[in-house]
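Below: the structure, in structure tokens.
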There are 2 protein chains.
Amino acid sequence: MSFWKQFRKRLFPSTKDRQFRRDIARLTGSYPVNIDLYKLATLHSSVGKISKQGNRVSNERLEFLGDAILSMVIAEFLFKKYPDKNEGFLTEIRSRIVKRDTLNRLAAKIGVPELVEIQDKNHRKRKNSIYGNALEAIIGAVYLDLGYPFCKTFILDKIVRNNLNLKKIIHTDTNYKSKVIEWAQKESRDITFQTVDDTDLTGNKEFEIHLLIDDQQVSMGKGTSKKRAEQDAAFKACQQLKLL
Amino acid sequence: MSFWKQFRKRLFPSTKDRQFRRDIARLTGSYPVNIDLYKLATLHSSVGKISKQGNRVSNERLEFLGDAILSMVIAEFLFKKYPDKNEGFLTEIRSRIVKRDTLNRLAAKIGVPELVEIQDKNHRKRKNSIYGNALEAIIGAVYLDLGYPFCKTFILDKIVRNNLNLKKIIHTDTNYKSKVIEWAQKESRDITFQTVDDTDLTGNKEFEIHLLIDDQQVSMGKGTSKKRAEQDAAFKACQQLKLL
């Protein structure tokens, strides 16, 4: 679009655009500067056209960006909120926050579904993570449009503090060991926890446990107790097996 | 440490500390404000003491934070550098940049190994990703110490632009399909590429391919050609099987 066309469009927006601007402002807390970014962020690939380069125009690139931003903001938030917890805990809690389930619920709560352009309602039912993905794309748009500090505030205020029950997320004390064992039984696979190392160099015990499925190492866990090391190994295996 | 002790320490640093400040400045491009962050970032868990809370003090928490920051900065860099590429490409190139191999080489190149405190040289040989991890921890320290804009510049200037051969990384055209097949043969597993969907709703072909190992779906790929969808599925399987 030429500069003048864009300029005119920004000076005299259509009724639909004015409504969209208001919707975005209600969602993010600020009127958009570049409305096209948000239009792209709410464009599902089922309605996107093919670009000159042969790609389908959709929110998937913005989703890639937004996903990275969300991960980082949550990482910093948890890092500062829990100064005494180790990186295993931080990784685990973050993965619970940014997983599809949580994001989809969040997206529905803050009104993302009403904004998303999509082909038909059947499509909506079939693929549930559309709105979680759109939320990530919107985060990407906010970052590009209004910068990092605003985007961070948007994520922390609108998403984390107001709509996330952090205590509940943390106290959902998943027993990863039993989860992996359950899976192995269902799939009739052999599962072994192998204690490889319990070094005691500096007077502090540290356990290293390898998790084997069908005699193949899948993950490795560490901890100051055998139980913790097992949980760590099982957690990593769950991640790999996509059981989370 | 009390405020006055810290104050005195900052006014009259030890010779060792002054040298360390210079080393950090050479690495990051700025003298540190809070030197303790960088000390923590270069502290491998093999020499870390146990804190009051029962955790081993080491750079692992900072590594968690730095990893997220690096992922995001690289995501934005690639997003802007390749406006015509889809998210599959961006994800793939980013994973090539942030993988252990690349980070370890980068860390060695910019002089991270000289800074890391570690127990003994055997330990060094056994675990090669120590320096890649330390580099991530240093990124975390730079972020906390000097803020996001400086940290972004540090990553882009010192790491990406000067020390990364992006063209080579991109043109290492890994054939993921053959990589998975090779793995399956070695491990004597059954592997199947199943074309599930080639919808043509809007006049544009789109293929959906499921990759099965021992009749179990491991990943799903999409693309505008069958070959691309297969590569996509194989790439995701490689990620899950940790073959990258």
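Going by the structure tokens order, chains are called A, B, ..., each with residues numbered from 1, while ligands are numbered from 1 in the order shown.
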
For a quick test of understanding: name the residues of chain A lying within 10 Å of chain B when counting only C-alpha atoms, and present them as JSON, numbers by chain. {"A": [46, 47, 48, 49, 50, 51, 52, 53, 54, 55, 56, 57, 58, 59, 60, 61, 62, 63, 64, 65, 66, 67, 68, 69, 70, 71, 72, 73, 74, 75, 76, 77, 78, 79, 83, 84, 85, 86, 87, 88, 89, 90, 91, 140, 143, 144, 148, 149, 187, 201, 202, 204, 216, 218, 223, 224, 239, 240, 241, 242]}

Moved chain A, fitted on chain B by every C-alpha in sequence order, as an mmCIF file with C-alpha atoms, in the first residue's frame:
data_model
loop_
_atom_site.group_PDB
_atom_site.id
_atom_site.type_symbol
_atom_site.label_atom_id
_atom_site.label_comp_id
_atom_site.auth_asym_id
_atom_site.auth_seq_id
_atom_site.Cartn_x
_atom_site.Cartn_y
_atom_site.Cartn_z
ATOM 1 C CA MET A 1 26.536 -8.812 52.622
ATOM 2 C CA SER A 2 25.735 -5.512 54.350
ATOM 3 C CA PHE A 3 25.333 -2.348 52.347
ATOM 4 C CA TRP A 4 28.562 -0.807 53.658
ATOM 5 C CA LYS A 5 30.579 -3.897 52.998
ATOM 6 C CA GLN A 6 29.279 -3.964 49.444
ATOM 7 C CA PHE A 7 29.918 -0.247 49.062
ATOM 8 C CA ARG A 8 33.510 -0.602 50.286
ATOM 9 C CA LYS A 9 34.033 -3.595 48.045
ATOM 10 C CA ARG A 10 32.834 -1.623 45.055
ATOM 11 C CA LEU A 11 35.003 1.396 45.896
ATOM 12 C CA PHE A 12 38.133 -0.637 46.568
ATOM 13 C CA PRO A 13 37.932 -3.831 44.549
ATOM 14 C CA SER A 14 40.594 -6.476 44.900
ATOM 15 C CA THR A 15 43.119 -6.941 42.100
ATOM 16 C CA LYS A 16 41.365 -10.134 41.108
ATOM 17 C CA ASP A 17 38.017 -8.357 40.917
ATOM 18 C CA ARG A 18 39.481 -5.527 38.877
ATOM 19 C CA GLN A 19 40.859 -8.048 36.402
ATOM 20 C CA PHE A 20 37.505 -9.832 36.288
ATOM 21 C CA ARG A 21 35.726 -6.533 35.601
ATOM 22 C CA ARG A 22 38.073 -5.886 32.684
ATOM 23 C CA ASP A 23 37.518 -9.395 31.326
ATOM 24 C CA ILE A 24 33.763 -8.973 31.465
ATOM 25 C CA ALA A 25 33.994 -5.575 29.787
ATOM 26 C CA ARG A 26 36.031 -7.084 26.964
ATOM 27 C CA LEU A 27 33.442 -9.821 26.551
ATOM 28 C CA THR A 28 30.216 -7.830 26.802
ATOM 29 C CA GLY A 29 31.301 -4.363 25.720
ATOM 30 C CA SER A 30 30.423 -2.713 29.020
ATOM 31 C CA TYR A 31 31.820 -2.623 32.530
ATOM 32 C CA PRO A 32 29.471 -4.469 34.878
ATOM 33 C CA VAL A 33 27.402 -2.593 37.423
ATOM 34 C CA ASN A 34 26.813 -5.587 39.652
ATOM 35 C CA ILE A 35 29.880 -7.794 39.388
ATOM 36 C CA ASP A 36 28.330 -10.526 41.553
ATOM 37 C CA LEU A 37 25.905 -11.425 38.798
ATOM 38 C CA TYR A 38 28.779 -12.249 36.468
ATOM 39 C CA LYS A 39 30.596 -14.178 39.170
ATOM 40 C CA LEU A 40 27.491 -16.291 39.591
ATOM 41 C CA ALA A 41 27.162 -16.697 35.819
ATOM 42 C CA THR A 42 30.654 -18.157 35.580
ATOM 43 C CA LEU A 43 30.269 -20.484 38.550
ATOM 44 C CA HIS A 44 29.889 -24.093 37.486
ATOM 45 C CA SER A 45 27.904 -26.337 39.823
ATOM 46 C CA SER A 46 31.021 -28.446 40.492
ATOM 47 C CA VAL A 47 32.429 -25.629 42.660
ATOM 48 C CA GLY A 48 29.204 -24.086 43.976
ATOM 49 C CA LYS A 49 28.461 -24.258 47.690
ATOM 50 C CA ILE A 50 25.145 -25.356 49.173
ATOM 51 C CA SER A 51 22.907 -22.413 50.087
ATOM 52 C CA LYS A 52 20.797 -22.058 53.231
ATOM 53 C CA GLN A 53 17.809 -23.343 51.285
ATOM 54 C CA GLY A 54 19.656 -26.545 50.443
ATOM 55 C CA ASN A 55 20.301 -25.716 46.802
ATOM 56 C CA ARG A 56 23.689 -25.745 45.215
ATOM 57 C CA VAL A 57 24.646 -22.205 44.222
ATOM 58 C CA SER A 58 25.621 -22.231 40.555
ATOM 59 C CA ASN A 59 24.967 -20.581 37.221
ATOM 60 C CA GLU A 60 22.079 -22.904 36.370
ATOM 61 C CA ARG A 61 19.292 -20.486 37.270
ATOM 62 C CA LEU A 62 20.919 -17.733 35.231
ATOM 63 C CA GLU A 63 21.345 -20.227 32.397
ATOM 64 C CA PHE A 64 17.580 -20.824 32.441
ATOM 65 C CA LEU A 65 16.979 -17.085 32.122
ATOM 66 C CA GLY A 66 19.689 -16.515 29.520
ATOM 67 C CA ASP A 67 18.444 -19.382 27.396
ATOM 68 C CA ALA A 68 14.997 -17.756 27.196
ATOM 69 C CA ILE A 69 16.483 -14.348 26.347
ATOM 70 C CA LEU A 70 18.730 -15.781 23.651
ATOM 71 C CA SER A 71 15.819 -17.673 22.091
ATOM 72 C CA MET A 72 13.742 -14.547 21.957
ATOM 73 C CA VAL A 73 16.423 -12.257 20.554
ATOM 74 C CA ILE A 74 17.264 -14.815 17.868
ATOM 75 C CA ALA A 75 13.547 -15.250 17.130
ATOM 76 C CA GLU A 76 13.123 -11.518 16.545
ATOM 77 C CA PHE A 77 16.332 -11.304 14.534
ATOM 78 C CA LEU A 78 15.239 -14.110 12.199
ATOM 79 C CA PHE A 79 11.653 -12.834 12.040
ATOM 80 C CA LYS A 80 12.875 -9.466 10.755
ATOM 81 C CA LYS A 81 15.701 -10.773 8.575
ATOM 82 C CA TYR A 82 13.527 -13.270 6.700
ATOM 83 C CA PRO A 83 10.129 -11.641 6.164
ATOM 84 C CA ASP A 84 9.184 -14.130 3.449
ATOM 85 C CA LYS A 85 10.005 -17.345 5.252
ATOM 86 C CA ASN A 86 7.445 -19.360 7.155
ATOM 87 C CA GLU A 87 7.563 -20.245 10.826
ATOM 88 C CA GLY A 88 8.889 -23.748 10.065
ATOM 89 C CA PHE A 89 12.031 -22.226 8.585
ATOM 90 C CA LEU A 90 12.409 -19.757 11.451
ATOM 91 C CA THR A 91 12.014 -22.486 14.072
ATOM 92 C CA GLU A 92 14.531 -24.693 12.314
ATOM 93 C CA ILE A 93 17.211 -22.052 11.876
ATOM 94 C CA ARG A 94 16.796 -20.875 15.451
ATOM 95 C CA SER A 95 17.165 -24.398 16.780
ATOM 96 C CA ARG A 96 20.390 -24.738 14.747
ATOM 97 C CA ILE A 97 21.721 -21.508 16.267
ATOM 98 C CA VAL A 98 20.830 -22.193 19.906
ATOM 99 C CA LYS A 99 21.779 -25.867 19.933
ATOM 100 C CA ARG A 100 24.578 -26.951 22.262
ATOM 101 C CA ASP A 101 27.166 -27.494 19.509
ATOM 102 C CA THR A 102 26.876 -23.999 18.119
ATOM 103 C CA LEU A 103 26.785 -22.363 21.549
ATOM 104 C CA ASN A 104 29.836 -24.269 22.748
ATOM 105 C CA ARG A 105 31.818 -23.212 19.705
ATOM 106 C CA LEU A 106 30.637 -19.626 20.111
ATOM 107 C CA ALA A 107 31.541 -19.605 23.793
ATOM 108 C CA ALA A 108 35.045 -20.823 23.027
ATOM 109 C CA LYS A 109 35.428 -18.188 20.303
ATOM 110 C CA ILE A 110 34.562 -15.224 22.500
ATOM 111 C CA GLY A 111 36.613 -16.349 25.480
ATOM 112 C CA VAL A 112 34.052 -17.749 27.899
ATOM 113 C CA PRO A 113 36.138 -20.801 28.975
ATOM 114 C CA GLU A 114 38.830 -18.592 30.531
ATOM 115 C CA LEU A 115 36.244 -17.076 32.875
ATOM 116 C CA VAL A 116 34.456 -20.191 34.097
ATOM 117 C CA GLU A 117 35.182 -21.478 37.576
ATOM 118 C CA ILE A 118 35.185 -25.243 37.541
ATOM 119 C CA GLN A 119 36.478 -28.055 39.685
ATOM 120 C CA ASP A 120 39.007 -29.878 37.568
ATOM 121 C CA LYS A 121 40.027 -30.396 34.015
ATOM 122 C CA ASN A 122 38.634 -33.917 33.857
ATOM 123 C CA HIS A 123 35.267 -32.426 34.546
ATOM 124 C CA ARG A 124 35.884 -30.075 31.657
ATOM 125 C CA LYS A 125 36.494 -32.896 29.234
ATOM 126 C CA ARG A 126 33.586 -35.005 30.375
ATOM 127 C CA LYS A 127 30.943 -32.400 29.917
ATOM 128 C CA ASN A 128 31.403 -30.319 26.880
ATOM 129 C CA SER A 129 28.348 -28.136 27.074
ATOM 130 C CA ILE A 130 29.638 -26.349 30.179
ATOM 131 C CA TYR A 131 30.760 -23.344 28.172
ATOM 132 C CA GLY A 132 27.648 -23.056 26.064
ATOM 133 C CA ASN A 133 25.677 -23.124 29.297
ATOM 134 C CA ALA A 134 27.969 -20.517 30.861
ATOM 135 C CA LEU A 135 27.466 -18.302 27.823
ATOM 136 C CA GLU A 136 23.712 -18.499 28.362
ATOM 137 C CA ALA A 137 24.188 -17.668 32.038
ATOM 138 C CA ILE A 138 26.304 -14.642 31.092
ATOM 139 C CA ILE A 139 23.491 -13.497 28.786
ATOM 140 C CA GLY A 140 21.139 -13.760 31.774
ATOM 141 C CA ALA A 141 23.558 -11.722 33.898
ATOM 142 C CA VAL A 142 23.898 -9.022 31.235
ATOM 143 C CA TYR A 143 20.115 -8.783 31.015
ATOM 144 C CA LEU A 144 19.666 -8.378 34.753
ATOM 145 C CA ASP A 145 22.628 -6.042 35.086
ATOM 146 C CA LEU A 146 22.236 -3.761 32.086
ATOM 147 C CA GLY A 147 18.692 -4.240 30.800
ATOM 148 C CA TYR A 148 17.029 -5.593 27.708
ATOM 149 C CA PRO A 149 18.230 -3.149 25.028
ATOM 150 C CA PHE A 150 21.893 -3.570 25.955
ATOM 151 C CA CYS A 151 21.541 -7.324 26.242
ATOM 152 C CA LYS A 152 19.950 -7.508 22.814
ATOM 153 C CA THR A 153 22.771 -5.466 21.296
ATOM 154 C CA PHE A 154 25.290 -7.695 23.062
ATOM 155 C CA ILE A 155 23.725 -10.837 21.594
ATOM 156 C CA LEU A 156 23.334 -9.443 18.090
ATOM 157 C CA ASP A 157 26.711 -7.705 17.820
ATOM 158 C CA LYS A 158 29.028 -9.956 19.766
ATOM 159 C CA ILE A 159 27.381 -13.270 19.054
ATOM 160 C CA VAL A 160 25.240 -13.286 15.949
ATOM 161 C CA ARG A 161 26.833 -10.791 13.580
ATOM 162 C CA ASN A 162 30.492 -11.305 14.353
ATOM 163 C CA ASN A 163 30.770 -14.956 15.151
ATOM 164 C CA LEU A 164 27.995 -16.794 13.413
ATOM 165 C CA ASN A 165 28.121 -17.871 9.801
ATOM 166 C CA LEU A 166 24.415 -17.600 9.145
ATOM 167 C CA LYS A 167 24.645 -18.535 5.467
ATOM 168 C CA LYS A 168 26.485 -21.710 6.302
ATOM 169 C CA ILE A 169 23.965 -22.553 9.021
ATOM 170 C CA ILE A 170 21.067 -22.095 6.628
ATOM 171 C CA HIS A 171 22.615 -23.922 3.707
ATOM 172 C CA THR A 172 23.493 -26.936 5.749
ATOM 173 C CA ASP A 173 20.479 -28.444 4.103
ATOM 174 C CA THR A 174 19.803 -31.323 6.398
ATOM 175 C CA ASN A 175 17.659 -34.022 4.897
ATOM 176 C CA TYR A 176 15.563 -34.838 7.935
ATOM 177 C CA LYS A 177 13.681 -37.639 6.239
ATOM 178 C CA SER A 178 16.821 -39.635 5.558
ATOM 179 C CA LYS A 179 18.068 -38.808 9.039
ATOM 180 C CA VAL A 180 14.990 -40.354 10.665
ATOM 181 C CA ILE A 181 15.062 -43.358 8.349
ATOM 182 C CA GLU A 182 18.738 -43.921 9.125
ATOM 183 C CA TRP A 183 17.992 -43.800 12.834
ATOM 184 C CA ALA A 184 15.071 -46.236 12.454
ATOM 185 C CA GLN A 185 17.231 -48.720 10.570
ATOM 186 C CA LYS A 186 19.958 -48.549 13.193
ATOM 187 C CA GLU A 187 17.434 -49.046 15.987
ATOM 188 C CA SER A 188 15.431 -51.571 13.945
ATOM 189 C CA ARG A 189 12.193 -49.692 14.287
ATOM 190 C CA ASP A 190 9.391 -49.508 11.764
ATOM 191 C CA ILE A 191 8.876 -46.122 10.203
ATOM 192 C CA THR A 192 5.913 -44.950 8.116
ATOM 193 C CA PHE A 193 5.019 -41.656 6.453
ATOM 194 C CA GLN A 194 1.257 -41.483 6.242
ATOM 195 C CA THR A 195 -0.447 -38.941 4.008
ATOM 196 C CA VAL A 196 -3.486 -38.013 6.036
ATOM 197 C CA ASP A 197 -4.887 -35.007 4.340
ATOM 198 C CA ASP A 198 -4.415 -33.185 1.099
ATOM 199 C CA THR A 199 -7.184 -30.674 1.342
ATOM 200 C CA ASP A 200 -7.940 -28.356 -1.494
ATOM 201 C CA LEU A 201 -10.576 -26.043 -0.094
ATOM 202 C CA THR A 202 -9.378 -22.729 -1.438
ATOM 203 C CA GLY A 203 -7.715 -23.933 -4.597
ATOM 204 C CA ASN A 204 -4.421 -24.390 -2.772
ATOM 205 C CA LYS A 205 -3.071 -27.810 -2.051
ATOM 206 C CA GLU A 206 -1.918 -28.470 1.484
ATOM 207 C CA PHE A 207 -0.486 -31.755 2.607
ATOM 208 C CA GLU A 208 -0.628 -33.232 6.069
ATOM 209 C CA ILE A 209 1.663 -36.120 6.808
ATOM 210 C CA HIS A 210 1.891 -38.203 9.957
ATOM 211 C CA LEU A 211 5.118 -39.904 10.875
ATOM 212 C CA LEU A 212 4.676 -43.204 12.662
ATOM 213 C CA ILE A 213 7.309 -45.178 14.494
ATOM 214 C CA ASP A 214 6.242 -48.724 15.359
ATOM 215 C CA ASP A 215 2.661 -47.764 14.450
ATOM 216 C CA GLN A 216 2.728 -44.894 16.924
ATOM 217 C CA GLN A 217 2.341 -41.339 15.722
ATOM 218 C CA VAL A 218 5.392 -39.324 16.602
ATOM 219 C CA SER A 219 4.898 -36.134 14.649
ATOM 220 C CA MET A 220 2.812 -34.332 12.072
ATOM 221 C CA GLY A 221 4.015 -32.218 9.181
ATOM 222 C CA LYS A 222 2.389 -29.761 6.816
ATOM 223 C CA GLY A 223 3.414 -28.162 3.568
ATOM 224 C CA THR A 224 2.392 -27.060 0.132
ATOM 225 C CA SER A 225 4.101 -30.079 -1.389
ATOM 226 C CA LYS A 226 4.295 -33.657 -0.217
ATOM 227 C CA LYS A 227 8.066 -33.399 0.071
ATOM 228 C CA ARG A 228 7.879 -30.309 2.247
ATOM 229 C CA ALA A 229 5.281 -31.881 4.510
ATOM 230 C CA GLU A 230 7.489 -34.954 4.866
ATOM 231 C CA GLN A 231 10.528 -32.856 5.706
ATOM 232 C CA ASP A 232 8.467 -30.952 8.258
ATOM 233 C CA ALA A 233 7.225 -34.154 9.895
ATOM 234 C CA ALA A 234 10.721 -35.676 9.854
ATOM 235 C CA PHE A 235 12.212 -32.487 11.327
ATOM 236 C CA LYS A 236 9.775 -32.588 14.241
ATOM 237 C CA ALA A 237 10.499 -36.269 14.803
ATOM 238 C CA CYS A 238 14.237 -35.499 14.843
ATOM 239 C CA GLN A 239 13.600 -32.893 17.511
ATOM 240 C CA GLN A 240 11.668 -35.364 19.636
ATOM 241 C CA LEU A 241 14.217 -38.123 19.190
ATOM 242 C CA LYS A 242 16.996 -35.625 19.985
ATOM 243 C CA LEU A 243 18.740 -36.352 16.697
ATOM 244 C CA LEU A 244 19.527 -32.696 15.999
#

Quick one: pick out all strand (DSSP E) residues within stretch 15-241 of chain B from a backbone DSSP run and write them as a PDB file with N, CA and C atoms, in the first residue's frame.
ATOM      1  N   ILE B 191       9.331 -47.482  10.560  1.00  0.00           N
ATOM      2  CA  ILE B 191       8.995 -46.076  10.363  1.00  0.00           C
ATOM      3  C   ILE B 191       8.053 -45.926   9.158  1.00  0.00           C
ATOM      4  N   THR B 192       7.009 -45.115   9.334  1.00  0.00           N
ATOM      5  CA  THR B 192       6.028 -44.932   8.265  1.00  0.00           C
ATOM      6  C   THR B 192       5.682 -43.459   8.111  1.00  0.00           C
ATOM      7  N   PHE B 193       5.634 -42.999   6.863  1.00  0.00           N
ATOM      8  CA  PHE B 193       5.115 -41.662   6.584  1.00  0.00           C
ATOM      9  C   PHE B 193       3.703 -41.832   6.028  1.00  0.00           C
ATOM     10  N   GLN B 194       2.739 -41.277   6.736  1.00  0.00           N
ATOM     11  CA  GLN B 194       1.349 -41.505   6.379  1.00  0.00           C
ATOM     12  C   GLN B 194       0.725 -40.188   5.893  1.00  0.00           C
ATOM     13  N   THR B 195       0.310 -40.176   4.629  1.00  0.00           N
ATOM     14  CA  THR B 195      -0.362 -38.972   4.135  1.00  0.00           C
ATOM     15  C   THR B 195      -1.796 -38.989   4.640  1.00  0.00           C
ATOM     16  N   VAL B 196      -2.105 -38.030   5.505  1.00  0.00           N
ATOM     17  CA  VAL B 196      -3.405 -38.062   6.156  1.00  0.00           C
ATOM     18  C   VAL B 196      -4.392 -37.179   5.426  1.00  0.00           C
ATOM     19  N   ASP B 197      -3.898 -36.081   4.904  1.00  0.00           N
ATOM     20  CA  ASP B 197      -4.820 -35.059   4.457  1.00  0.00           C
ATOM     21  C   ASP B 197      -4.165 -34.304   3.307  1.00  0.00           C
ATOM     22  N   ASP B 198      -4.828 -34.250   2.142  1.00  0.00           N
ATOM     23  CA  ASP B 198      -4.364 -33.258   1.184  1.00  0.00           C
ATOM     24  C   ASP B 198      -5.553 -32.418   0.740  1.00  0.00           C
ATOM     25  N   THR B 199      -5.955 -31.585   1.641  1.00  0.00           N
ATOM     26  CA  THR B 199      -7.135 -30.740   1.437  1.00  0.00           C
ATOM     27  C   THR B 199      -6.912 -29.762   0.290  1.00  0.00           C
ATOM     28  N   GLU B 206      -2.653 -28.515   0.340  1.00  0.00           N
ATOM     29  CA  GLU B 206      -1.894 -28.532   1.582  1.00  0.00           C
ATOM     30  C   GLU B 206      -1.826 -29.968   2.091  1.00  0.00           C
ATOM     31  N   PHE B 207      -0.631 -30.416   2.314  1.00  0.00           N
ATOM     32  CA  PHE B 207      -0.449 -31.802   2.715  1.00  0.00           C
ATOM     33  C   PHE B 207      -0.230 -31.913   4.217  1.00  0.00           C
ATOM     34  N   GLU B 208      -0.793 -32.986   4.761  1.00  0.00           N
ATOM     35  CA  GLU B 208      -0.564 -33.257   6.178  1.00  0.00           C
ATOM     36  C   GLU B 208      -0.043 -34.674   6.283  1.00  0.00           C
ATOM     37  N   ILE B 209       1.117 -34.800   6.855  1.00  0.00           N
ATOM     38  CA  ILE B 209       1.733 -36.117   6.926  1.00  0.00           C
ATOM     39  C   ILE B 209       2.066 -36.481   8.371  1.00  0.00           C
ATOM     40  N   HIS B 210       1.658 -37.707   8.745  1.00  0.00           N
ATOM     41  CA  HIS B 210       1.978 -38.188  10.088  1.00  0.00           C
ATOM     42  C   HIS B 210       3.164 -39.131  10.015  1.00  0.00           C
ATOM     43  N   LEU B 211       4.073 -38.966  10.957  1.00  0.00           N
ATOM     44  CA  LEU B 211       5.211 -39.876  11.007  1.00  0.00           C
ATOM     45  C   LEU B 211       4.986 -40.875  12.141  1.00  0.00           C
ATOM     46  N   LEU B 212       5.023 -42.152  11.799  1.00  0.00           N
ATOM     47  CA  LEU B 212       4.786 -43.184  12.806  1.00  0.00           C
ATOM     48  C   LEU B 212       6.041 -44.012  13.040  1.00  0.00           C
ATOM     49  N   ILE B 213       6.339 -44.234  14.296  1.00  0.00           N
ATOM     50  CA  ILE B 213       7.422 -45.156  14.642  1.00  0.00           C
ATOM     51  C   ILE B 213       6.794 -46.295  15.409  1.00  0.00           C
ATOM     52  N   GLN B 216       3.223 -45.900  16.120  1.00  0.00           N
ATOM     53  CA  GLN B 216       2.842 -44.855  17.067  1.00  0.00           C
ATOM     54  C   GLN B 216       3.140 -43.503  16.478  1.00  0.00           C
ATOM     55  N   GLN B 217       2.154 -42.622  16.458  1.00  0.00           N
ATOM     56  CA  GLN B 217       2.434 -41.324  15.858  1.00  0.00           C
ATOM     57  C   GLN B 217       3.416 -40.521  16.698  1.00  0.00           C
ATOM     58  N   VAL B 218       4.459 -40.048  16.042  1.00  0.00           N
ATOM     59  CA  VAL B 218       5.495 -39.295  16.737  1.00  0.00           C
ATOM     60  C   VAL B 218       5.399 -37.811  16.405  1.00  0.00           C
ATOM     61  N   SER B 219       5.066 -37.516  15.133  1.00  0.00           N
ATOM     62  CA  SER B 219       4.983 -36.113  14.764  1.00  0.00           C
ATOM     63  C   SER B 219       4.068 -35.922  13.565  1.00  0.00           C
ATOM     64  N   MET B 220       3.779 -34.654  13.274  1.00  0.00           N
ATOM     65  CA  MET B 220       2.878 -34.314  12.193  1.00  0.00           C
ATOM     66  C   MET B 220       3.484 -33.152  11.417  1.00  0.00           C
ATOM     67  N   GLY B 221       3.490 -33.269  10.095  1.00  0.00           N
ATOM     68  CA  GLY B 221       4.077 -32.216   9.285  1.00  0.00           C
ATOM     69  C   GLY B 221       3.101 -31.670   8.263  1.00  0.00           C
ATOM     70  N   LYS B 222       3.305 -30.390   7.912  1.00  0.00           N
ATOM     71  CA  LYS B 222       2.440 -29.758   6.922  1.00  0.00           C
ATOM     72  C   LYS B 222       3.279 -29.068   5.867  1.00  0.00           C
ATOM     73  N   GLY B 223       2.724 -28.916   4.682  1.00  0.00           N
ATOM     74  CA  GLY B 223       3.459 -28.196   3.657  1.00  0.00           C
ATOM     75  C   GLY B 223       2.669 -28.130   2.368  1.00  0.00           C
TER      76      GLY B 223
END

Backbone DSSP call of helix (DSSP H, G or I) for stretch 20-178 of chain A, listed as number ranges by chain: A: 20-28, 35-41, 60-81, 87-98, 100-109, 121-126, 130-146, 148-163, 166-171, 176-178
